[in-house]
>>> print(open('run34.pdb').read())   # PDB, C-alpha atoms, pLDDT in the B column
MODEL        1
ATOM      1  CA  MET J1452     -19.362 -10.919  17.123  1.00 60.00           C
ATOM      2  CA  ALA J1453     -15.749  -9.935  16.338  1.00 79.00           C
ATOM      3  CA  LEU J1454     -13.921  -7.847  18.893  1.00 91.00           C
ATOM      4  CA  THR J1455     -11.465  -6.376  16.392  1.00 93.00           C
ATOM      5  CA  GLY J1456     -12.309  -4.188  13.461  1.00 93.00           C
ATOM      6  CA  LYS J1457     -11.253  -1.447  11.123  1.00 95.00           C
ATOM      7  CA  ILE J1458     -13.086   1.518   9.670  1.00 94.00           C
ATOM      8  CA  SER J1459     -11.647   4.001   7.235  1.00 93.00           C
ATOM      9  CA  THR J1460     -12.489   7.122   5.362  1.00 93.00           C
ATOM     10  CA  GLU J1461     -10.835   8.368   2.176  1.00 95.00           C
ATOM     11  CA  ILE J1462     -11.144  12.051   1.399  1.00 96.00           C
ATOM     12  CA  PRO J1463     -10.214  13.686  -1.935  1.00 97.00           C
ATOM     13  CA  ILE J1464      -7.794  16.574  -1.432  1.00 97.00           C
ATOM     14  CA  GLN J1465      -6.993  19.641  -3.513  1.00 96.00           C
ATOM     15  CA  ALA J1466      -3.901  20.826  -1.619  1.00 96.00           C
ATOM     16  CA  PRO J1467      -0.589  19.298  -2.696  1.00 95.00           C
ATOM     17  CA  PRO J1468      -0.047  15.838  -1.162  1.00 96.00           C
ATOM     18  CA  SER J1469       3.428  16.930  -0.038  1.00 95.00           C
ATOM     19  CA  LYS J1470       1.877  19.690   2.119  1.00 95.00           C
ATOM     20  CA  TRP J1471      -0.452  17.157   3.727  1.00 96.00           C
ATOM     21  CA  PHE J1472       2.290  14.700   4.576  1.00 96.00           C
ATOM     22  CA  ASN J1473       4.605  17.463   5.770  1.00 94.00           C
ATOM     23  CA  LEU J1474       1.914  18.750   8.146  1.00 95.00           C
ATOM     24  CA  PHE J1475       1.559  15.351   9.827  1.00 93.00           C
ATOM     25  CA  ALA J1476       5.228  14.362   9.556  1.00 92.00           C
ATOM     26  CA  LYS J1477       6.947  17.593  10.560  1.00 90.00           C
ATOM     27  CA  GLN J1478       4.369  20.144  11.765  1.00 91.00           C
ATOM     28  CA  LEU J1479       1.865  18.151  13.795  1.00 88.00           C
ATOM     29  CA  HIS J1480       1.729  20.925  16.390  1.00 87.00           C
ATOM     30  CA  ASP J1481       0.134  23.157  13.699  1.00 91.00           C
ATOM     31  CA  VAL J1482      -2.854  20.881  13.033  1.00 91.00           C
ATOM     32  CA  GLN J1483      -4.871  22.770  15.671  1.00 89.00           C
ATOM     33  CA  HIS J1484      -4.529  25.916  13.527  1.00 90.00           C
ATOM     34  CA  HIS J1485      -5.937  24.174  10.451  1.00 91.00           C
ATOM     35  CA  ALA J1486      -8.924  22.267  11.830  1.00 91.00           C
ATOM     36  CA  GLU J1487     -11.699  23.949  13.793  1.00 89.00           C
ATOM     37  CA  ARG J1488     -12.654  20.736  15.617  1.00 90.00           C
ATOM     38  CA  VAL J1489      -9.187  20.445  17.163  1.00 91.00           C
ATOM     39  CA  HIS J1490      -9.343  22.625  20.246  1.00 91.00           C
ATOM     40  CA  GLN J1491      -5.808  22.100  21.525  1.00 89.00           C
ATOM     41  CA  THR J1492      -2.687  20.019  21.107  1.00 90.00           C
ATOM     42  CA  LYS J1493       0.237  19.992  23.487  1.00 90.00           C
ATOM     43  CA  LEU J1494       3.213  17.901  24.415  1.00 88.00           C
ATOM     44  CA  HIS J1495       2.429  15.698  27.379  1.00 92.00           C
ATOM     45  CA  GLU J1496       5.750  13.884  27.598  1.00 90.00           C
ATOM     46  CA  GLY J1497       8.933  14.482  25.616  1.00 85.00           C
ATOM     47  CA  GLU J1498      10.392  17.413  23.727  1.00 83.00           C
ATOM     48  CA  ASP J1499      10.018  16.528  20.037  1.00 83.00           C
ATOM     49  CA  TRP J1500       6.562  16.325  18.457  1.00 82.00           C
ATOM     50  CA  HIS J1501       7.713  13.699  15.978  1.00 78.00           C
ATOM     51  CA  HIS J1502       9.668  11.255  18.097  1.00 79.00           C
ATOM     52  CA  ASN J1503       8.158   7.812  18.707  1.00 80.00           C
ATOM     53  CA  ASP J1504       8.535   8.152  22.490  1.00 85.00           C
ATOM     54  CA  THR J1505       6.806  11.543  22.668  1.00 92.00           C
ATOM     55  CA  ILE J1506       3.245  11.619  23.968  1.00 95.00           C
ATOM     56  CA  LYS J1507       0.894  14.358  22.822  1.00 95.00           C
ATOM     57  CA  HIS J1508      -2.390  15.423  24.432  1.00 95.00           C
ATOM     58  CA  TRP J1509      -5.253  16.288  22.066  1.00 95.00           C
ATOM     59  CA  THR J1510      -8.548  18.016  22.820  1.00 95.00           C
ATOM     60  CA  TYR J1511     -11.091  17.852  19.993  1.00 94.00           C
ATOM     61  CA  GLU J1512     -14.796  17.679  19.204  1.00 93.00           C
ATOM     62  CA  ILE J1513     -16.606  14.425  18.350  1.00 91.00           C
ATOM     63  CA  ASP J1514     -20.373  14.393  17.816  1.00 87.00           C
ATOM     64  CA  GLY J1515     -20.645  17.904  19.299  1.00 89.00           C
ATOM     65  CA  LYS J1516     -18.851  16.885  22.510  1.00 92.00           C
ATOM     66  CA  VAL J1517     -15.354  18.056  23.537  1.00 94.00           C
ATOM     67  CA  VAL J1518     -13.172  15.046  24.331  1.00 94.00           C
ATOM     68  CA  ALA J1519      -9.475  14.370  24.837  1.00 95.00           C
ATOM     69  CA  CYS J1520      -6.927  11.624  24.369  1.00 96.00           C
ATOM     70  CA  LYS J1521      -3.202  11.014  24.297  1.00 96.00           C
ATOM     71  CA  GLU J1522      -1.316   9.915  21.223  1.00 96.00           C
ATOM     72  CA  LYS J1523       2.107   8.671  20.194  1.00 95.00           C
ATOM     73  CA  ILE J1524       3.647   7.677  16.881  1.00 94.00           C
ATOM     74  CA  VAL J1525       3.945   3.921  16.385  1.00 95.00           C
ATOM     75  CA  SER J1526       5.495   3.925  12.913  1.00 95.00           C
ATOM     76  CA  TYR J1527       6.447   6.334  10.152  1.00 93.00           C
ATOM     77  CA  ASP J1528       7.034   5.483   6.483  1.00 96.00           C
ATOM     78  CA  GLU J1529       7.975   8.467   4.354  1.00 94.00           C
ATOM     79  CA  GLU J1530       8.137   6.423   1.130  1.00 95.00           C
ATOM     80  CA  LYS J1531       4.548   5.167   1.572  1.00 96.00           C
ATOM     81  CA  LYS J1532       3.474   8.513   3.107  1.00 97.00           C
ATOM     82  CA  THR J1533       1.996   6.673   6.089  1.00 97.00           C
ATOM     83  CA  ILE J1534       2.058   7.397   9.823  1.00 97.00           C
ATOM     84  CA  LYS J1535       0.544   5.111  12.442  1.00 97.00           C
ATOM     85  CA  TYR J1536      -0.520   6.506  15.832  1.00 96.00           C
ATOM     86  CA  ALA J1537      -1.549   4.787  19.050  1.00 96.00           C
ATOM     87  CA  LEU J1538      -4.398   6.637  20.792  1.00 96.00           C
ATOM     88  CA  PHE J1539      -5.039   6.063  24.499  1.00 96.00           C
ATOM     89  CA  ASP J1540      -6.439   7.625  27.679  1.00 96.00           C
ATOM     90  CA  GLY J1541      -9.437   8.980  25.779  1.00 92.00           C
ATOM     91  CA  ASP J1542     -13.220   8.914  25.823  1.00 89.00           C
ATOM     92  CA  PHE J1543     -13.005   5.568  23.991  1.00 90.00           C
ATOM     93  CA  THR J1544     -10.808   3.904  26.676  1.00 91.00           C
ATOM     94  CA  PRO J1545     -13.698   2.315  28.629  1.00 92.00           C
ATOM     95  CA  TYR J1546     -14.800   0.513  25.457  1.00 92.00           C
ATOM     96  CA  TYR J1547     -11.615  -0.335  23.552  1.00 93.00           C
ATOM     97  CA  LYS J1548      -8.412  -2.192  24.470  1.00 94.00           C
ATOM     98  CA  ASP J1549      -6.643  -0.878  21.394  1.00 94.00           C
ATOM     99  CA  PHE J1550      -7.342   2.214  19.284  1.00 95.00           C
ATOM    100  CA  THR J1551      -4.938   2.933  16.417  1.00 97.00           C
ATOM    101  CA  LEU J1552      -5.139   5.687  13.799  1.00 96.00           C
ATOM    102  CA  ILE J1553      -3.369   5.283  10.459  1.00 98.00           C
ATOM    103  CA  PHE J1554      -2.855   8.372   8.300  1.00 97.00           C
ATOM    104  CA  ARG J1555      -1.896   7.908   4.650  1.00 98.00           C
ATOM    105  CA  VAL J1556      -1.570  10.235   1.660  1.00 98.00           C
ATOM    106  CA  ILE J1557      -2.463   8.524  -1.619  1.00 97.00           C
ATOM    107  CA  GLU J1558      -1.465   9.927  -4.997  1.00 95.00           C
ATOM    108  CA  LYS J1559      -3.234   8.441  -8.014  1.00 92.00           C
ATOM    109  CA  GLU J1560      -1.745   8.090 -11.494  1.00 90.00           C
ATOM    110  CA  ASP J1561      -4.327  10.502 -12.902  1.00 91.00           C
ATOM    111  CA  GLY J1562      -2.959  13.282 -10.668  1.00 87.00           C
ATOM    112  CA  SER J1563      -5.727  13.165  -8.086  1.00 92.00           C
ATOM    113  CA  ALA J1564      -4.899  12.676  -4.420  1.00 96.00           C
ATOM    114  CA  PHE J1565      -6.610  11.490  -1.260  1.00 96.00           C
ATOM    115  CA  VAL J1566      -5.954  11.225   2.427  1.00 98.00           C
ATOM    116  CA  ASN J1567      -6.988   8.012   4.072  1.00 97.00           C
ATOM    117  CA  PHE J1568      -7.603   7.692   7.785  1.00 96.00           C
ATOM    118  CA  ALA J1569      -8.113   4.194   9.128  1.00 96.00           C
ATOM    119  CA  ILE J1570      -9.015   3.312  12.688  1.00 95.00           C
ATOM    120  CA  GLU J1571      -8.089  -0.159  13.872  1.00 96.00           C
ATOM    121  CA  TYR J1572      -9.668  -1.099  17.164  1.00 95.00           C
ATOM    122  CA  GLU J1573     -10.197  -3.912  19.602  1.00 95.00           C
ATOM    123  CA  LYS J1574     -13.321  -3.800  21.742  1.00 94.00           C
ATOM    124  CA  LYS J1575     -13.014  -4.711  25.421  1.00 94.00           C
ATOM    125  CA  ASP J1576     -15.959  -7.118  25.127  1.00 93.00           C
ATOM    126  CA  ASP J1577     -19.083  -7.985  23.129  1.00 89.00           C
ATOM    127  CA  SER J1578     -21.164  -5.349  24.916  1.00 91.00           C
ATOM    128  CA  VAL J1579     -19.525  -2.559  22.856  1.00 89.00           C
ATOM    129  CA  PRO J1580     -22.213  -2.195  20.175  1.00 75.00           C
ATOM    130  CA  GLU J1581     -20.691  -0.631  17.066  1.00 80.00           C
ATOM    131  CA  PRO J1582     -17.529   0.716  15.471  1.00 81.00           C
ATOM    132  CA  PRO J1583     -16.473   4.272  16.378  1.00 86.00           C
ATOM    133  CA  HIS J1584     -18.216   5.941  13.414  1.00 87.00           C
ATOM    134  CA  GLY J1585     -18.133   9.344  15.148  1.00 89.00           C
ATOM    135  CA  TYR J1586     -14.370   9.311  14.696  1.00 90.00           C
ATOM    136  CA  ALA J1587     -14.624   8.583  10.965  1.00 89.00           C
ATOM    137  CA  GLU J1588     -17.071  11.490  10.580  1.00 90.00           C
ATOM    138  CA  TYR J1589     -14.787  13.729  12.633  1.00 92.00           C
ATOM    139  CA  LEU J1590     -11.794  12.825  10.434  1.00 93.00           C
ATOM    140  CA  ALA J1591     -13.722  13.619   7.244  1.00 92.00           C
ATOM    141  CA  LYS J1592     -14.698  17.085   8.554  1.00 93.00           C
ATOM    142  CA  PHE J1593     -11.205  17.595   9.996  1.00 93.00           C
ATOM    143  CA  SER J1594      -9.719  16.781   6.557  1.00 95.00           C
ATOM    144  CA  ARG J1595     -11.928  19.265   4.716  1.00 95.00           C
ATOM    145  CA  ASP J1596     -10.863  22.014   7.162  1.00 95.00           C
ATOM    146  CA  ILE J1597      -7.192  21.182   6.735  1.00 96.00           C
ATOM    147  CA  ASP J1598      -7.408  20.945   2.949  1.00 96.00           C
ATOM    148  CA  ALA J1599      -9.034  24.385   2.694  1.00 95.00           C
ATOM    149  CA  ASN J1600      -6.354  25.912   4.936  1.00 94.00           C
ATOM    150  CA  LEU J1601      -3.464  24.216   3.133  1.00 95.00           C
ATOM    151  CA  LEU J1602      -4.775  25.589  -0.163  1.00 92.00           C
ATOM    152  CA  LYS J1603      -4.586  29.114   1.279  1.00 89.00           C
ATOM    153  CA  ALA J1604      -1.043  28.638   2.607  1.00 73.00           C
TER
ENDMDL
END
>>> encode(input="run34.pdb", output="structure tokens")
Amino acid sequence: MALTGKISTEIPIQAPPSKWFNLFAKQLHDVQHHAERVHQTKLHEGEDWHHNDTIKHWTYEIDGKVVACKEKIVSYDEEKKTIKYALFDGDFTPYYKDFTLIFRVIEKEDGSAFVNFAIEYEKKDDSVPEPPHGYAEYLAKFSRDIDANLLKA
């Protein structure tokens, strides 16, 4: 059984893609006001929410359970509308050596748009049974909440 894997979810969006990318690129501290399953976000270390060395602390709901983790930006590509985050010190830590979230806004030629969230992970050992599907489900619900709120803004 492979120890590394990737799961992703692609969600159609109605709000302008620029609003989506701006939220994650420049207003990450506001995500908690757009998604009901995000209970709290705060700076853990550093002063700028969008600096690669800054560590944020997130409290959110997965599978009906409130959990927390820390996060920092690994890479940022404005041209490709992609941001990669390292997640650590969370409920997944006993099971995974590496847990990375990749956020991407995709604009199609027909004018439609999507957000794609991918989770790349490395299990600690073969006893970890399955990919973290609860996170993919959380991100789909999280995206619908955000899209509805961005449409109102």
>>> resolve_selection(input="run34.pdb", expression="the PyMOL selection byres ((chain J and resi 1526-1537) around 8)", output="list in words")
Phe1472, Phe1475, Ala1476, Asn1503, Glu1522, Lys1523, Ile1524, Val1525, Leu1538, Phe1539, Asp1549, Phe1550, Thr1551, Leu1552, Ile1553, Phe1554, Arg1555, Val1556 and Ile1557 of chain J
>>> residues_around(input="run34.pdb", residues="J:Val1482", least_positions_apart="3", cutoff="12 Å", atoms="only C-alpha atoms", output="JSON, numbers by chain")
{"J": [1470, 1471, 1472, 1473, 1474, 1475, 1476, 1477, 1478, 1479, 1485, 1486, 1487, 1488, 1489, 1490, 1491, 1492, 1493, 1500, 1509, 1510, 1511, 1593, 1594, 1596, 1597, 1598, 1600, 1601]}
>>> atom_distance(input="run34.pdb", atom1="atom CA of J:Gly1515", atom2="atom CA of J:Gly1541")
15.7 Å
>>> closest_residue(input="run34.pdb", among="J:Asp1561, J:Ala1599, J:Ser1578, J:Gly1585", to="J:Asp1542", atoms="all atoms listed in the file")
J:Gly1585
>>> axis_aligned_box(input="run34.pdb", around="stretch 1586-1600 of chain J", padding_each_side="3 Å", output="lines of an AutoDock Vina configuration file")
center_x = -11.7
center_y = 17.2
center_z = 8.7
size_x = 16.7
size_y = 23.3
size_z = 18.0
>>> residues_around(input="run34.pdb", residues="J:Tyr1586", least_positions_apart="2", cutoff="10 Å", atoms="only C-alpha atoms", output="ChimeraX atom specification")
/J:1458-1460,1512-1514,1552,1568-1570,1582-1584,1588-1592
>>> write_last_selection(input="run34.pdb", atoms="C-alpha atoms", output="tab-separated table (two decimals), in the frame of the given file")
chain	number	residue	atom	x	y	z
J	1458	ILE	CA	-13.09	1.52	9.67
J	1459	SER	CA	-11.65	4.00	7.24
J	1460	THR	CA	-12.49	7.12	5.36
J	1512	GLU	CA	-14.80	17.68	19.20
J	1513	ILE	CA	-16.61	14.42	18.35
J	1514	ASP	CA	-20.37	14.39	17.82
J	1552	LEU	CA	-5.14	5.69	13.80
J	1568	PHE	CA	-7.60	7.69	7.78
J	1569	ALA	CA	-8.11	4.19	9.13
J	1570	ILE	CA	-9.02	3.31	12.69
J	1582	PRO	CA	-17.53	0.72	15.47
J	1583	PRO	CA	-16.47	4.27	16.38
J	1584	HIS	CA	-18.22	5.94	13.41
J	1588	GLU	CA	-17.07	11.49	10.58
J	1589	TYR	CA	-14.79	13.73	12.63
J	1590	LEU	CA	-11.79	12.82	10.43
J	1591	ALA	CA	-13.72	13.62	7.24
J	1592	LYS	CA	-14.70	17.08	8.55
>>> atom_distance(input="run34.pdb", atom1="atom CA of J:Lys1575", atom2="atom CA of J:Lys1521")
18.6 Å
>>> atom_distance(input="run34.pdb", atom1="atom CA of J:His1480", atom2="atom CA of J:Glu1498")
11.9 Å
>>> closest_residue(input="run34.pdb", among="J:Leu1454, J:Ala1604, J:Val1579, J:Val1518", to="J:Pro1545", atoms="all atoms listed in the file")
J:Val1579
